[in-house]
>>> print(open('model.cif').read())   # mmCIF, C-alpha atoms
data_target
loop_
_atom_site.label_atom_id
_atom_site.label_comp_id
_atom_site.auth_asym_id
_atom_site.auth_seq_id
_atom_site.Cartn_x
_atom_site.Cartn_y
_atom_site.Cartn_z
CA MET P 28 28.11 16.45 32.17
CA GLY P 29 24.84 18.37 32.23
CA THR P 30 21.78 17.67 30.14
CA SER P 31 22.31 20.76 28.00
CA GLU P 32 25.88 19.68 27.19
CA ARG P 33 24.75 16.21 26.13
CA SER P 34 22.06 17.77 23.98
CA ALA P 35 24.68 19.92 22.29
CA ILE P 36 26.56 16.78 21.19
CA ARG P 37 23.42 15.02 19.96
CA HIS P 38 21.56 17.80 18.25
CA SER P 39 23.98 20.63 17.45
CA GLY P 40 24.24 21.70 13.82
CA ASP P 41 27.99 22.35 14.32
CA ALA P 42 30.34 20.09 12.36
CA TYR P 43 33.12 18.76 14.59
CA ARG P 44 35.63 17.10 12.27
CA SER P 45 37.81 15.74 15.07
CA PRO P 46 37.74 15.36 18.85
CA THR P 47 39.99 18.39 19.20
CA GLU P 48 37.32 20.67 17.79
CA ILE P 49 34.74 19.75 20.41
CA PRO P 50 34.37 22.50 23.03
CA ALA P 51 36.64 21.93 25.99
CA ALA P 52 33.70 21.96 28.40
CA LEU P 53 32.41 18.83 26.67
CA ALA P 54 35.68 17.13 25.80
CA ARG P 55 36.89 16.99 29.38
CA SER P 56 34.51 14.20 30.30
CA LEU P 57 34.48 12.34 26.98
CA ASP P 58 36.70 9.59 25.66
CA PHE P 59 36.57 9.64 21.85
CA THR P 60 37.82 6.73 19.78
CA PRO P 61 37.60 6.70 15.95
CA THR P 62 35.98 3.51 14.62
CA GLN P 63 36.83 3.68 10.90
CA PRO P 64 39.78 5.17 8.97
CA SER P 65 37.85 6.79 6.12
CA ALA P 66 36.69 10.27 5.20
CA THR P 67 33.73 9.61 7.47
CA ARG P 68 34.78 8.99 11.07
CA CYS P 69 32.56 7.61 13.79
CA TYR P 70 33.30 8.25 17.47
CA TRP P 71 31.88 6.62 20.56
CA ALA P 72 31.53 8.71 23.67
CA THR P 73 31.00 7.31 27.13
CA TRP P 74 30.58 8.90 30.50
CA ALA P 75 29.17 7.88 33.86
CA LEU P 76 26.14 9.63 35.22
CA GLY P 77 24.20 7.25 37.41
CA GLY P 78 24.95 4.48 34.92
CA LEU P 79 26.62 3.87 31.59
CA ILE P 80 25.39 5.97 28.68
CA LEU P 81 26.59 5.43 25.12
CA ILE P 82 26.43 7.88 22.26
CA GLY P 83 27.78 7.40 18.76
CA ALA P 84 28.52 10.17 16.31
CA CYS P 85 29.67 9.95 12.70
CA VAL P 86 31.42 13.05 11.36
CA GLU P 87 33.02 13.96 8.05
CA THR P 88 36.72 14.81 7.71
CA ASP P 89 36.21 16.15 4.21
CA PRO P 90 36.79 19.95 4.26
CA GLY P 91 33.58 20.40 2.25
CA PHE P 92 31.51 18.78 4.98
CA ALA P 93 28.64 20.99 6.14
CA GLY P 94 26.55 18.94 8.52
CA THR P 95 26.54 16.15 11.09
CA ALA P 96 25.27 12.58 11.06
CA GLU P 97 24.10 11.44 14.46
CA ALA P 98 23.02 8.21 16.14
CA GLU P 99 21.71 8.01 19.67
CA GLY P 100 22.16 4.94 21.80
CA LYS P 101 18.94 3.76 23.46
CA GLN P 102 18.80 2.20 26.91
CA HIS P 103 17.16 -1.23 26.64
CA GLY P 104 18.65 -3.10 29.55
CA SER P 105 22.20 -2.70 28.21
CA ALA P 106 23.76 0.47 26.89
CA GLY P 107 23.00 1.25 23.26
CA THR P 108 21.42 -2.15 22.50
CA PRO P 109 17.82 -1.98 21.26
CA GLN P 110 15.53 -4.87 22.06
CA ALA P 111 14.11 -6.79 19.12
CA SER P 112 10.36 -6.55 18.72
CA SER P 113 8.20 -9.22 17.23
CA GLY P 114 4.90 -9.24 15.36
CA ASP P 115 1.90 -10.69 17.05
CA GLY P 116 0.45 -12.37 14.02
CA ASP P 117 1.46 -14.46 11.08
CA GLY P 118 0.60 -14.41 7.42
CA ASP P 119 0.39 -18.10 6.82
CA GLY P 120 -3.29 -18.45 5.99
CA ASP P 121 -3.77 -20.85 3.14
CA GLY P 122 -6.45 -18.90 1.26
CA ASP P 123 -8.22 -22.14 0.44
CA GLY P 124 -11.57 -20.67 -0.56
CA ASP P 125 -12.66 -20.95 -4.15
CA GLY P 126 -14.30 -18.38 -6.39
CA ASP P 127 -17.85 -18.57 -7.55
CA GLY P 128 -17.24 -17.40 -11.10
CA ASP P 129 -18.47 -19.51 -13.95
CA GLY P 130 -14.94 -20.62 -14.88
CA ASP P 131 -15.87 -21.00 -18.51
CA GLY P 132 -13.12 -18.83 -19.97
CA ASP P 133 -15.45 -15.88 -20.50
CA GLY P 134 -15.79 -12.52 -18.81
CA PRO P 135 -17.84 -11.79 -15.71
CA ASP P 136 -21.02 -11.33 -17.75
CA GLY P 137 -20.43 -14.40 -19.94
CA SER P 138 -19.06 -12.29 -22.80
CA SER P 139 -15.60 -12.80 -24.23
CA SER P 140 -12.90 -10.13 -24.03
CA ASP P 141 -10.21 -9.85 -26.68
CA GLY P 142 -7.99 -7.70 -24.42
CA SER P 143 -5.70 -5.99 -26.92
CA SER P 144 -2.08 -5.74 -25.93
CA SER P 145 -0.05 -2.60 -25.40
CA ASP P 146 1.27 -0.73 -28.39
CA GLY P 147 4.67 -0.66 -26.79
CA SER P 148 4.44 2.78 -25.26
CA SER P 149 5.23 1.58 -21.80
CA SER P 150 6.01 3.49 -18.67
CA ASP P 151 9.44 3.07 -17.20
CA GLY P 152 8.02 2.83 -13.70
CA SER P 153 10.50 4.55 -11.44
CA SER P 154 11.52 2.77 -8.29
CA SER P 155 11.07 4.37 -4.92
CA ASP P 156 13.90 6.18 -3.26
CA GLY P 157 12.11 6.04 0.04
CA SER P 158 13.00 3.63 2.74
CA SER P 159 10.82 0.60 3.21
CA SER P 160 9.15 -0.34 6.44
CA ASP P 161 11.34 -1.99 9.00
CA GLY P 162 8.65 -4.56 9.72
CA SER P 163 9.29 -4.10 13.40
CA SER P 164 5.85 -4.01 14.84
CA SER P 165 2.86 -6.13 15.45
CA ASP P 166 -0.65 -4.78 15.10
CA SER P 167 -0.07 -1.04 14.90
CA GLU P 168 2.10 -0.97 11.82
CA SER P 169 1.43 2.39 10.21
CA SER P 170 1.40 6.08 10.86
CA THR P 171 -1.01 8.69 9.59
CA THR P 172 1.33 9.63 6.75
CA ASP P 173 3.38 7.11 4.79
CA ASP P 174 6.38 4.81 5.11
CA THR P 175 8.71 6.76 2.83
CA GLY P 176 8.53 9.92 4.93
CA ALA P 177 8.33 12.04 1.76
CA PHE P 178 5.13 11.22 -0.09
CA ALA P 179 1.63 10.06 0.77
CA PRO P 180 -1.08 9.16 -1.77
CA SER P 181 -3.24 11.95 -0.35
CA ASP P 182 -0.67 14.44 -1.68
CA VAL P 183 -2.19 13.87 -5.14
CA ALA P 184 -5.39 15.80 -5.74
CA GLY P 185 -8.64 14.00 -6.45
CA MET P 186 -8.43 11.07 -4.04
CA ILE P 187 -11.84 9.47 -3.44
CA LEU P 188 -10.81 6.19 -1.75
CA TRP P 189 -7.80 4.95 0.22
CA LEU P 190 -8.10 1.57 1.90
CA ASP P 191 -4.90 0.70 3.76
CA ALA P 192 -4.64 -2.71 5.44
CA ALA P 193 -1.57 -1.56 7.39
CA ASP P 194 -3.52 1.12 9.25
CA GLU P 195 -4.97 -0.53 12.35
CA ALA P 196 -7.13 2.50 13.16
CA SER P 197 -9.08 1.96 9.91
CA PHE P 198 -10.68 -1.28 11.14
CA ASP P 199 -13.30 -2.70 13.44
CA THR P 200 -12.17 -6.29 13.97
CA PRO P 201 -14.22 -8.22 16.51
CA ASN P 202 -12.57 -11.63 16.99
CA GLY P 203 -10.05 -10.74 14.29
CA GLU P 204 -12.78 -10.58 11.63
CA ILE P 205 -13.41 -7.32 9.81
CA SER P 206 -16.82 -5.81 10.36
CA LYS P 207 -15.79 -2.39 9.04
CA TRP P 208 -12.95 -0.97 6.92
CA ILE P 209 -12.77 2.84 6.88
CA ASP P 210 -10.96 4.64 4.11
CA ARG P 211 -8.17 7.13 4.87
CA SER P 212 -9.24 9.80 2.40
CA THR P 213 -10.97 12.88 3.76
CA ALA P 214 -14.31 11.29 2.82
CA LEU P 215 -13.86 8.52 5.46
CA ARG P 216 -15.99 6.09 3.48
CA GLU P 217 -16.89 2.86 5.29
CA PHE P 218 -17.10 -0.65 3.84
CA SER P 219 -18.84 -3.07 6.16
CA GLN P 220 -20.02 -6.63 6.60
CA PRO P 221 -22.73 -7.36 9.19
CA SER P 222 -22.63 -11.15 8.78
CA ASP P 223 -20.02 -13.00 10.83
CA ASP P 224 -19.80 -15.74 8.19
CA SER P 225 -18.91 -13.29 5.41
CA ARG P 226 -16.23 -11.22 7.15
CA PRO P 227 -12.65 -11.33 5.87
CA LEU P 228 -9.70 -11.51 8.25
CA ARG P 229 -7.02 -8.95 9.00
CA VAL P 230 -3.71 -10.82 9.16
CA VAL P 231 -0.97 -8.83 10.90
CA ASN P 232 2.72 -8.90 10.03
CA ALA P 233 1.91 -10.65 6.75
CA LEU P 234 3.81 -8.59 4.15
CA ASN P 235 6.94 -6.56 4.84
CA GLY P 236 5.88 -6.16 8.46
CA HIS P 237 2.39 -4.92 7.61
CA ALA P 238 -1.08 -6.41 7.87
CA VAL P 239 -3.20 -7.51 4.89
CA VAL P 240 -6.87 -8.36 4.45
CA ARG P 241 -7.49 -12.02 3.59
CA PHE P 242 -10.47 -13.24 1.54
CA ASP P 243 -11.22 -16.97 1.27
CA GLY P 244 -13.79 -16.97 -1.54
CA THR P 245 -16.95 -16.42 0.52
CA GLU P 246 -16.19 -13.07 2.15
CA TYR P 247 -16.58 -9.46 1.08
CA LEU P 248 -17.12 -5.89 2.30
CA GLU P 249 -19.68 -3.53 0.82
CA ARG P 250 -20.67 0.11 0.69
CA ALA P 251 -24.12 1.21 -0.41
CA PHE P 252 -24.31 3.22 -3.63
CA ASP P 253 -22.20 6.36 -3.32
CA SER P 254 -22.02 8.61 -6.39
CA GLY P 255 -18.64 9.90 -5.20
CA LEU P 256 -17.12 6.49 -5.98
CA HIS P 257 -18.33 6.59 -9.61
CA PRO P 258 -16.46 9.41 -11.38
CA GLY P 259 -16.47 10.00 -15.13
CA ARG P 260 -12.67 9.64 -15.27
CA LEU P 261 -10.54 7.70 -12.83
CA THR P 262 -7.21 6.20 -11.86
CA ALA P 263 -7.32 3.14 -9.60
CA PHE P 264 -4.50 1.25 -7.86
CA GLY P 265 -4.52 -2.07 -6.04
CA ARG P 266 -1.80 -4.02 -4.24
CA TRP P 267 -2.91 -7.67 -3.95
CA ARG P 268 -2.30 -11.33 -4.80
CA ILE P 269 -4.43 -14.34 -5.74
CA THR P 270 -4.13 -17.55 -3.72
CA SER P 271 -6.23 -19.79 -5.96
CA THR P 272 -6.70 -20.22 -9.69
CA GLY P 273 -9.71 -20.55 -11.98
CA GLY P 274 -12.95 -18.62 -12.23
CA ASP P 275 -13.45 -14.87 -12.36
CA ARG P 276 -12.28 -13.28 -9.10
CA SER P 277 -12.86 -9.60 -8.36
CA PRO P 278 -10.96 -7.63 -5.72
CA ILE P 279 -13.02 -4.49 -6.53
CA THR P 280 -16.35 -4.09 -8.32
CA ALA P 281 -18.39 -0.90 -8.76
CA ARG P 282 -20.88 -1.73 -11.49
CA SER P 283 -24.60 -1.65 -12.16
CA ARG P 284 -26.91 -3.44 -14.59
CA ARG P 285 -30.30 -2.64 -16.03
CA GLY P 286 -31.53 -5.45 -18.23
CA ALA P 287 -28.64 -6.19 -20.56
CA SER P 288 -27.04 -2.77 -20.08
CA TYR P 289 -23.98 -2.43 -17.81
CA ALA P 290 -22.11 0.55 -16.38
CA GLY P 291 -19.22 1.01 -13.95
CA TYR P 292 -15.75 -0.44 -13.44
CA MET P 293 -14.09 -3.46 -11.85
CA PHE P 294 -10.78 -5.32 -11.54
CA TYR P 295 -10.63 -9.08 -12.15
CA ALA P 296 -8.29 -12.00 -12.19
CA ASP P 297 -10.24 -13.66 -14.98
CA SER P 298 -11.02 -17.32 -15.61
CA SER P 299 -7.88 -17.59 -17.77
CA ASP P 300 -5.79 -16.22 -14.87
CA ARG P 301 -5.08 -12.87 -16.49
CA TRP P 302 -5.37 -9.49 -14.82
CA ALA P 303 -8.11 -7.37 -16.39
CA PHE P 304 -9.86 -4.04 -15.90
CA TRP P 305 -13.50 -4.14 -17.03
CA VAL P 306 -15.83 -1.22 -17.66
CA GLY P 307 -19.39 -0.86 -18.86
CA ASP P 308 -21.17 1.49 -21.23
CA GLY P 309 -24.09 -0.63 -22.28
CA ASP P 310 -21.87 -3.63 -22.97
CA LEU P 311 -19.05 -4.82 -20.73
CA ASP P 312 -15.54 -4.80 -22.17
CA ALA P 313 -12.05 -5.11 -20.72
CA VAL P 314 -8.45 -4.15 -21.16
CA THR P 315 -6.62 -7.38 -20.36
CA GLY P 316 -2.99 -7.71 -19.35
CA SER P 317 -0.50 -10.30 -18.25
CA THR P 318 -0.87 -13.54 -16.32
CA ALA P 319 -2.09 -13.45 -12.73
CA VAL P 320 0.52 -15.66 -11.06
CA LEU P 321 -0.52 -17.68 -8.03
CA ASN P 322 0.70 -16.16 -4.73
CA GLN P 323 2.59 -13.36 -6.51
CA TRP P 324 2.05 -9.87 -5.13
CA VAL P 325 1.42 -7.21 -7.78
CA THR P 326 0.56 -3.54 -8.01
CA LEU P 327 -2.17 -3.13 -10.61
CA ALA P 328 -3.19 0.30 -11.88
CA ALA P 329 -5.74 1.40 -14.44
CA THR P 330 -6.70 4.73 -15.96
CA GLN P 331 -10.06 5.24 -17.62
CA THR P 332 -11.59 8.11 -19.55
CA ASP P 333 -14.96 7.97 -21.28
CA GLY P 334 -13.30 6.27 -24.25
CA ASN P 335 -9.91 4.79 -23.38
CA GLY P 336 -8.54 2.35 -20.81
CA VAL P 337 -4.91 1.64 -19.90
CA LEU P 338 -3.64 -1.10 -17.59
CA TYR P 339 -0.31 -1.07 -15.71
CA LEU P 340 1.36 -3.93 -13.86
CA ASP P 341 4.11 -3.09 -11.37
CA GLY P 342 4.70 0.27 -13.02
CA GLN P 343 4.78 -0.97 -16.62
CA GLN P 344 2.02 -0.41 -19.17
CA VAL P 345 0.80 -3.84 -20.27
CA ALA P 346 -2.32 -3.02 -22.29
CA ALA P 347 -4.35 -0.16 -23.75
CA LYS P 348 -7.65 -0.15 -25.59
CA ASP P 349 -10.47 2.06 -26.84
CA LEU P 350 -12.95 1.39 -24.08
CA PRO P 351 -16.27 3.26 -23.76
CA TYR P 352 -17.20 3.84 -20.11
CA ALA P 353 -20.10 5.25 -18.13
CA PRO P 354 -20.24 5.56 -14.32
CA ALA P 355 -22.64 3.23 -12.54
CA PRO P 356 -25.85 5.06 -11.57
CA THR P 357 -26.90 2.53 -8.93
CA SER P 358 -25.70 -0.49 -6.93
CA PRO P 359 -23.18 -0.82 -4.10
CA MET P 360 -19.40 -1.13 -4.36
CA ARG P 361 -17.76 -4.32 -3.10
CA ILE P 362 -14.28 -5.25 -1.96
CA GLY P 363 -13.67 -8.98 -2.41
CA ALA P 364 -16.65 -9.83 -4.65
CA GLY P 365 -18.38 -8.79 -7.86
CA GLN P 366 -21.82 -8.69 -9.49
CA THR P 367 -22.84 -5.76 -7.32
CA GLU P 368 -26.26 -5.41 -8.93
CA LEU P 369 -27.27 -8.84 -7.58
CA ALA P 370 -26.24 -11.24 -4.83
CA PRO P 371 -22.42 -11.33 -4.55
CA ASN P 372 -20.54 -13.52 -6.99
CA TYR P 373 -17.05 -13.73 -8.54
CA PHE P 374 -15.49 -13.83 -5.07
CA PHE P 375 -11.85 -12.85 -4.68
CA VAL P 376 -9.56 -15.50 -3.19
CA GLY P 377 -6.39 -13.88 -1.93
CA ASP P 378 -4.97 -10.97 0.04
CA ILE P 379 -5.46 -7.23 -0.40
CA ALA P 380 -2.91 -4.77 0.99
CA GLU P 381 -4.04 -1.40 -0.34
CA VAL P 382 -6.60 0.20 -2.68
CA ILE P 383 -6.36 3.81 -3.90
CA ILE P 384 -8.73 5.56 -6.35
CA TYR P 385 -8.72 9.10 -7.79
CA GLU P 386 -11.45 10.91 -9.70
CA ALA P 387 -9.00 11.93 -12.44
CA VAL P 388 -6.56 10.42 -14.89
CA LEU P 389 -3.24 11.03 -13.15
CA ASP P 390 -0.32 12.24 -15.21
CA ARG P 391 2.73 10.03 -15.50
CA ASN P 392 4.63 11.68 -12.66
CA GLU P 393 1.70 11.39 -10.25
CA ARG P 394 1.03 7.78 -11.18
CA GLU P 395 4.66 6.81 -10.72
CA GLN P 396 4.76 8.54 -7.33
CA VAL P 397 1.86 6.40 -6.12
CA GLU P 398 3.42 3.25 -7.58
CA ALA P 399 6.75 4.07 -5.93
CA TYR P 400 5.00 4.61 -2.59
CA LEU P 401 3.33 1.20 -2.85
CA SER P 402 6.59 -0.45 -3.85
CA ALA P 403 8.58 1.07 -0.97
CA LYS P 404 5.91 0.18 1.55
CA TRP P 405 4.96 -3.36 0.53
CA MET P 406 7.90 -4.94 -1.29
CA PRO P 407 10.20 -6.99 1.01
#
>>> encode(input="model.cif", output="structure tokens")
Amino acid sequence: MGTSERSAIRHSGDAYRSPTEIPAALARSLDFTPTQPSATRCYWATWALGGLILIGACVETDPGFAGTAEAEGKQHGSAGTPQASSGDGDGDGDGDGDGDGDGDGDGPDGSSSDGSSSDGSSSDGSSSDGSSSDGSSSDSESSTTDDTGAFAPSDVAGMILWLDAADEASFDTPNGEISKWIDRSTALREFSQPSDDSRPLRVVNALNGHAVVRFDGTEYLERAFDSGLHPGRLTAFGRWRITSTGGDRSPITARSRRGASYAGYMFYADSSDRWAFWVGDGDLDAVTGSTAVLNQWVTLAATQTDGNGVLYLDGQQVAAKDLPYAPAPTSPMRIGAGQTELAPNYFFVGDIAEVIIYEAVLDRNEREQVEAYLSAKWMP
């Protein structure tokens, strides 16, 4: 059988409902055997051409059928049997660093937050209909789009930051330590760490076949002040987990301080082990949600206008509060530590998979699309 004839079987849009409908020129050299007695029938075709080749095809017997479902056998030593691939890294780091927060039950500035709870108007957080990663690879886990094949966070307008631990091309990792993490938005913002002793690790094949960035309580990445990361309205997402308890621990901080006056925004697992989103407009205040459970992966999202903050956990609204906010006019932004106006403090102890920020308050549909993308990609 010629190459063009084989291609016709594999890629034709024609719907052959039974072996008898296959053109005679092809059927002469094929031996078709149905493999299941249902409305959908699968056939295996074999022929010899310098070796054994195996092709499978599933076709519908329903008269309303209008297309074909195809599967190609791949040659991996034996016909139609793919070789298993294995990751080249493990995710078994113990995250034994400890945070440097004051651990006194107060907020990151020493002030107490009352963190009002949600008024019950929760999102129903749709689940993703996209397929999750097959976890098949080692240290080149991601593509330039997304794992669902249908939606990427960059499809939503207003993206200002996209840090993706699964994207190997986003990192400089001498000796496995991260010296630079480049964001995947069109801005290509870089977060760096020149000191070997303060560099986090990139751990491959750690979560659903993807890499994560691991912080042990002394490590962080930083970008010098960039006004583009301090919008007047924002929606921020993070996929992460804590691996130690106690003290204020910040996966993201973008704040400034002049005297006793604060501005900016930040996520925290606070000293009471609750997830919180803090903002400043003179004073610091927070919208505080549910318990931050040790070693439990979560998707945290927050929206912030100049007067209202809302916190979401795994697609569900968990808190909302009147929350005055002003963008930080100075100071760097840090991943893995807080107190950006001074020497780093409130170190994060845990793993970060992805961070996405927009310079707008996303509507419900947009927010749920991003949450569904994160769920499909990172949940086992």
>>> atom_distance(input="model.cif", atom1="atom CA of P:Met293", atom2="atom CA of P:Val314")
10.9 Å
>>> residues_around(input="model.cif", residues="P:Ser206", least_positions_apart="6", cutoff="6 Å", atoms="all atoms listed in the file", output="PDB file with C-alpha atoms, in the frame of the given file")
ATOM      1  CA  ASP P 199     -13.300  -2.700  13.440  1.00  0.00           C
ATOM      2  CA  THR P 200     -12.170  -6.290  13.970  1.00  0.00           C
ATOM      3  CA  SER P 219     -18.840  -3.070   6.160  1.00  0.00           C
ATOM      4  CA  GLN P 220     -20.020  -6.630   6.600  1.00  0.00           C
TER       5      GLN P 220
END
>>> residues_around(input="model.cif", residues="stretch 296-304 of chain P", least_positions_apart="6", cutoff="6 Å", atoms="only C-alpha atoms", output="list in words")
Gly130, Gly132, Gly273, Gly274, Asp275, Arg276, Ala313, Val314, Thr315, Gly316, Ser317, Thr318 and Ala319 of chain P
>>> write_last_selection(input="model.cif", atoms="C-alpha atoms", output="mmCIF file, in the frame of the given file")
data_model
loop_
_atom_site.group_PDB
_atom_site.id
_atom_site.type_symbol
_atom_site.label_atom_id
_atom_site.label_comp_id
_atom_site.auth_asym_id
_atom_site.auth_seq_id
_atom_site.Cartn_x
_atom_site.Cartn_y
_atom_site.Cartn_z
ATOM 1 C CA GLY P 130 -14.940 -20.620 -14.880
ATOM 2 C CA GLY P 132 -13.120 -18.830 -19.970
ATOM 3 C CA GLY P 273 -9.710 -20.550 -11.980
ATOM 4 C CA GLY P 274 -12.950 -18.620 -12.230
ATOM 5 C CA ASP P 275 -13.450 -14.870 -12.360
ATOM 6 C CA ARG P 276 -12.280 -13.280 -9.100
ATOM 7 C CA ALA P 313 -12.050 -5.110 -20.720
ATOM 8 C CA VAL P 314 -8.450 -4.150 -21.160
ATOM 9 C CA THR P 315 -6.620 -7.380 -20.360
ATOM 10 C CA GLY P 316 -2.990 -7.710 -19.350
ATOM 11 C CA SER P 317 -0.500 -10.300 -18.250
ATOM 12 C CA THR P 318 -0.870 -13.540 -16.320
ATOM 13 C CA ALA P 319 -2.090 -13.450 -12.730
#
>>> resolve_selection(input="model.cif", expression="the PyMOL selection byres ((chain P and resi 332) around 8)", output="PyMOL selection string")
chain P and resi 259-261+330-331+333-336+351-352+388
>>> write_last_selection(input="model.cif", atoms="C-alpha atoms", output="mmCIF file, in the frame of the given file")
data_model
loop_
_atom_site.group_PDB
_atom_site.id
_atom_site.type_symbol
_atom_site.label_atom_id
_atom_site.label_comp_id
_atom_site.auth_asym_id
_atom_site.auth_seq_id
_atom_site.Cartn_x
_atom_site.Cartn_y
_atom_site.Cartn_z
ATOM 1 C CA GLY P 259 -16.470 10.000 -15.130
ATOM 2 C CA ARG P 260 -12.670 9.640 -15.270
ATOM 3 C CA LEU P 261 -10.540 7.700 -12.830
ATOM 4 C CA THR P 330 -6.700 4.730 -15.960
ATOM 5 C CA GLN P 331 -10.060 5.240 -17.620
ATOM 6 C CA ASP P 333 -14.960 7.970 -21.280
ATOM 7 C CA GLY P 334 -13.300 6.270 -24.250
ATOM 8 C CA ASN P 335 -9.910 4.790 -23.380
ATOM 9 C CA GLY P 336 -8.540 2.350 -20.810
ATOM 10 C CA PRO P 351 -16.270 3.260 -23.760
ATOM 11 C CA TYR P 352 -17.200 3.840 -20.110
ATOM 12 C CA VAL P 388 -6.560 10.420 -14.890
#
>>> residues_near_point(input="model.cif", point="(-17.8, -12.6, 13.4)", cutoff="7 Å", atoms="all atoms listed in the file", output="ChimeraX atom specification")
/P:201-202,204,222-224,226
>>> write_last_selection(input="model.cif", atoms="C-alpha atoms", output="PDB file, in the frame of the given file")
ATOM      1  CA  PRO P 201     -14.220  -8.220  16.510  1.00  0.00           C
ATOM      2  CA  ASN P 202     -12.570 -11.630  16.990  1.00  0.00           C
ATOM      3  CA  GLU P 204     -12.780 -10.580  11.630  1.00  0.00           C
ATOM      4  CA  SER P 222     -22.630 -11.150   8.780  1.00  0.00           C
ATOM      5  CA  ASP P 223     -20.020 -13.000  10.830  1.00  0.00           C
ATOM      6  CA  ASP P 224     -19.800 -15.740   8.190  1.00  0.00           C
ATOM      7  CA  ARG P 226     -16.230 -11.220   7.150  1.00  0.00           C
TER       8      ARG P 226
END
>>> atom_distance(input="model.cif", atom1="atom CA of P:Leu321", atom2="atom CA of P:Tyr295")
13.9 Å
>>> resolve_selection(input="model.cif", expression="the PyMOL selection byres ((chain P and resi 289) around 10)", output="list in words")
Asp136, Arg282, Ser283, Arg284, Arg285, Gly286, Ala287, Ser288, Ala290, Gly291, Tyr292, Val306, Gly307, Asp308, Gly309, Asp310, Leu311, Asp312, Tyr352, Ala353, Pro354, Ala355, Pro356 and Glu368 of chain P
>>> write_last_selection(input="model.cif", atoms="C-alpha atoms", output="PDB file, keeping the file's coordinate frame")
ATOM      1  CA  ASP P 136     -21.020 -11.330 -17.750  1.00  0.00           C
ATOM      2  CA  ARG P 282     -20.880  -1.730 -11.490  1.00  0.00           C
ATOM      3  CA  SER P 283     -24.600  -1.650 -12.160  1.00  0.00           C
ATOM      4  CA  ARG P 284     -26.910  -3.440 -14.590  1.00  0.00           C
ATOM      5  CA  ARG P 285     -30.300  -2.640 -16.030  1.00  0.00           C
ATOM      6  CA  GLY P 286     -31.530  -5.450 -18.230  1.00  0.00           C
ATOM      7  CA  ALA P 287     -28.640  -6.190 -20.560  1.00  0.00           C
ATOM      8  CA  SER P 288     -27.040  -2.770 -20.080  1.00  0.00           C
ATOM      9  CA  ALA P 290     -22.110   0.550 -16.380  1.00  0.00           C
ATOM     10  CA  GLY P 291     -19.220   1.010 -13.950  1.00  0.00           C
ATOM     11  CA  TYR P 292     -15.750  -0.440 -13.440  1.00  0.00           C
ATOM     12  CA  VAL P 306     -15.830  -1.220 -17.660  1.00  0.00           C
ATOM     13  CA  GLY P 307     -19.390  -0.860 -18.860  1.00  0.00           C
ATOM     14  CA  ASP P 308     -21.170   1.490 -21.230  1.00  0.00           C
ATOM     15  CA  GLY P 309     -24.090  -0.630 -22.280  1.00  0.00           C
ATOM     16  CA  ASP P 310     -21.870  -3.630 -22.970  1.00  0.00           C
ATOM     17  CA  LEU P 311     -19.050  -4.820 -20.730  1.00  0.00           C
ATOM     18  CA  ASP P 312     -15.540  -4.800 -22.170  1.00  0.00           C
ATOM     19  CA  TYR P 352     -17.200   3.840 -20.110  1.00  0.00           C
ATOM     20  CA  ALA P 353     -20.100   5.250 -18.130  1.00  0.00           C
ATOM     21  CA  PRO P 354     -20.240   5.560 -14.320  1.00  0.00           C
ATOM     22  CA  ALA P 355     -22.640   3.230 -12.540  1.00  0.00           C
ATOM     23  CA  PRO P 356     -25.850   5.060 -11.570  1.00  0.00           C
ATOM     24  CA  GLU P 368     -26.260  -5.410  -8.930  1.00  0.00           C
TER      25      GLU P 368
END
>>> closest_residue(input="model.cif", among="P:Val320, P:Val376, P:Ala346, P:Leu256", to="P:Pro359", atoms="all atoms listed in the file")
P:Leu256
>>> closest_residue(input="model.cif", among="P:Glu398, P:Glu393, P:Glu217, P:Glu249", to="P:Tyr339", atoms="only C-alpha atoms")
P:Glu398
>>> atom_distance(input="model.cif", atom1="atom CA of P:Thr262", atom2="atom CA of P:Ile383")
8.4 Å
>>> closest_residue(input="model.cif", among="P:Pro278, P:Pro180, P:Gly244, P:Gly255", to="P:Ala380", atoms="all atoms listed in the file")
P:Pro278
>>> closest_residue(input="model.cif", among="P:Pro258, P:Leu188, P:Ser181, P:Ser271", to="P:Ala387", atoms="all atoms listed in the file")
P:Pro258
>>> resolve_selection(input="model.cif", expression="the PyMOL selection byres ((chain P and resi 230) around 6)", output="count of residues only")
5
>>> residues_near_point(input="model.cif", point="(8.6, -6.7, -3.2)", cutoff="9 Å", atoms="only C-alpha atoms", output="PyMOL selection string")
chain P and resi 234-235+324-325+402-407
>>> closest_residue(input="model.cif", among="P:Leu401, P:Ile187, P:Leu389, P:Ala196", to="P:Ala329", atoms="only C-alpha atoms")
P:Leu389
>>> residues_around(input="model.cif", residues="P:Phe375", least_positions_apart="5", cutoff="9 Å", atoms="only C-alpha atoms", output="VMD selection string")
chain P and resid 124 to 127 242 to 247 269 275 to 279 295 to 296 362 to 365
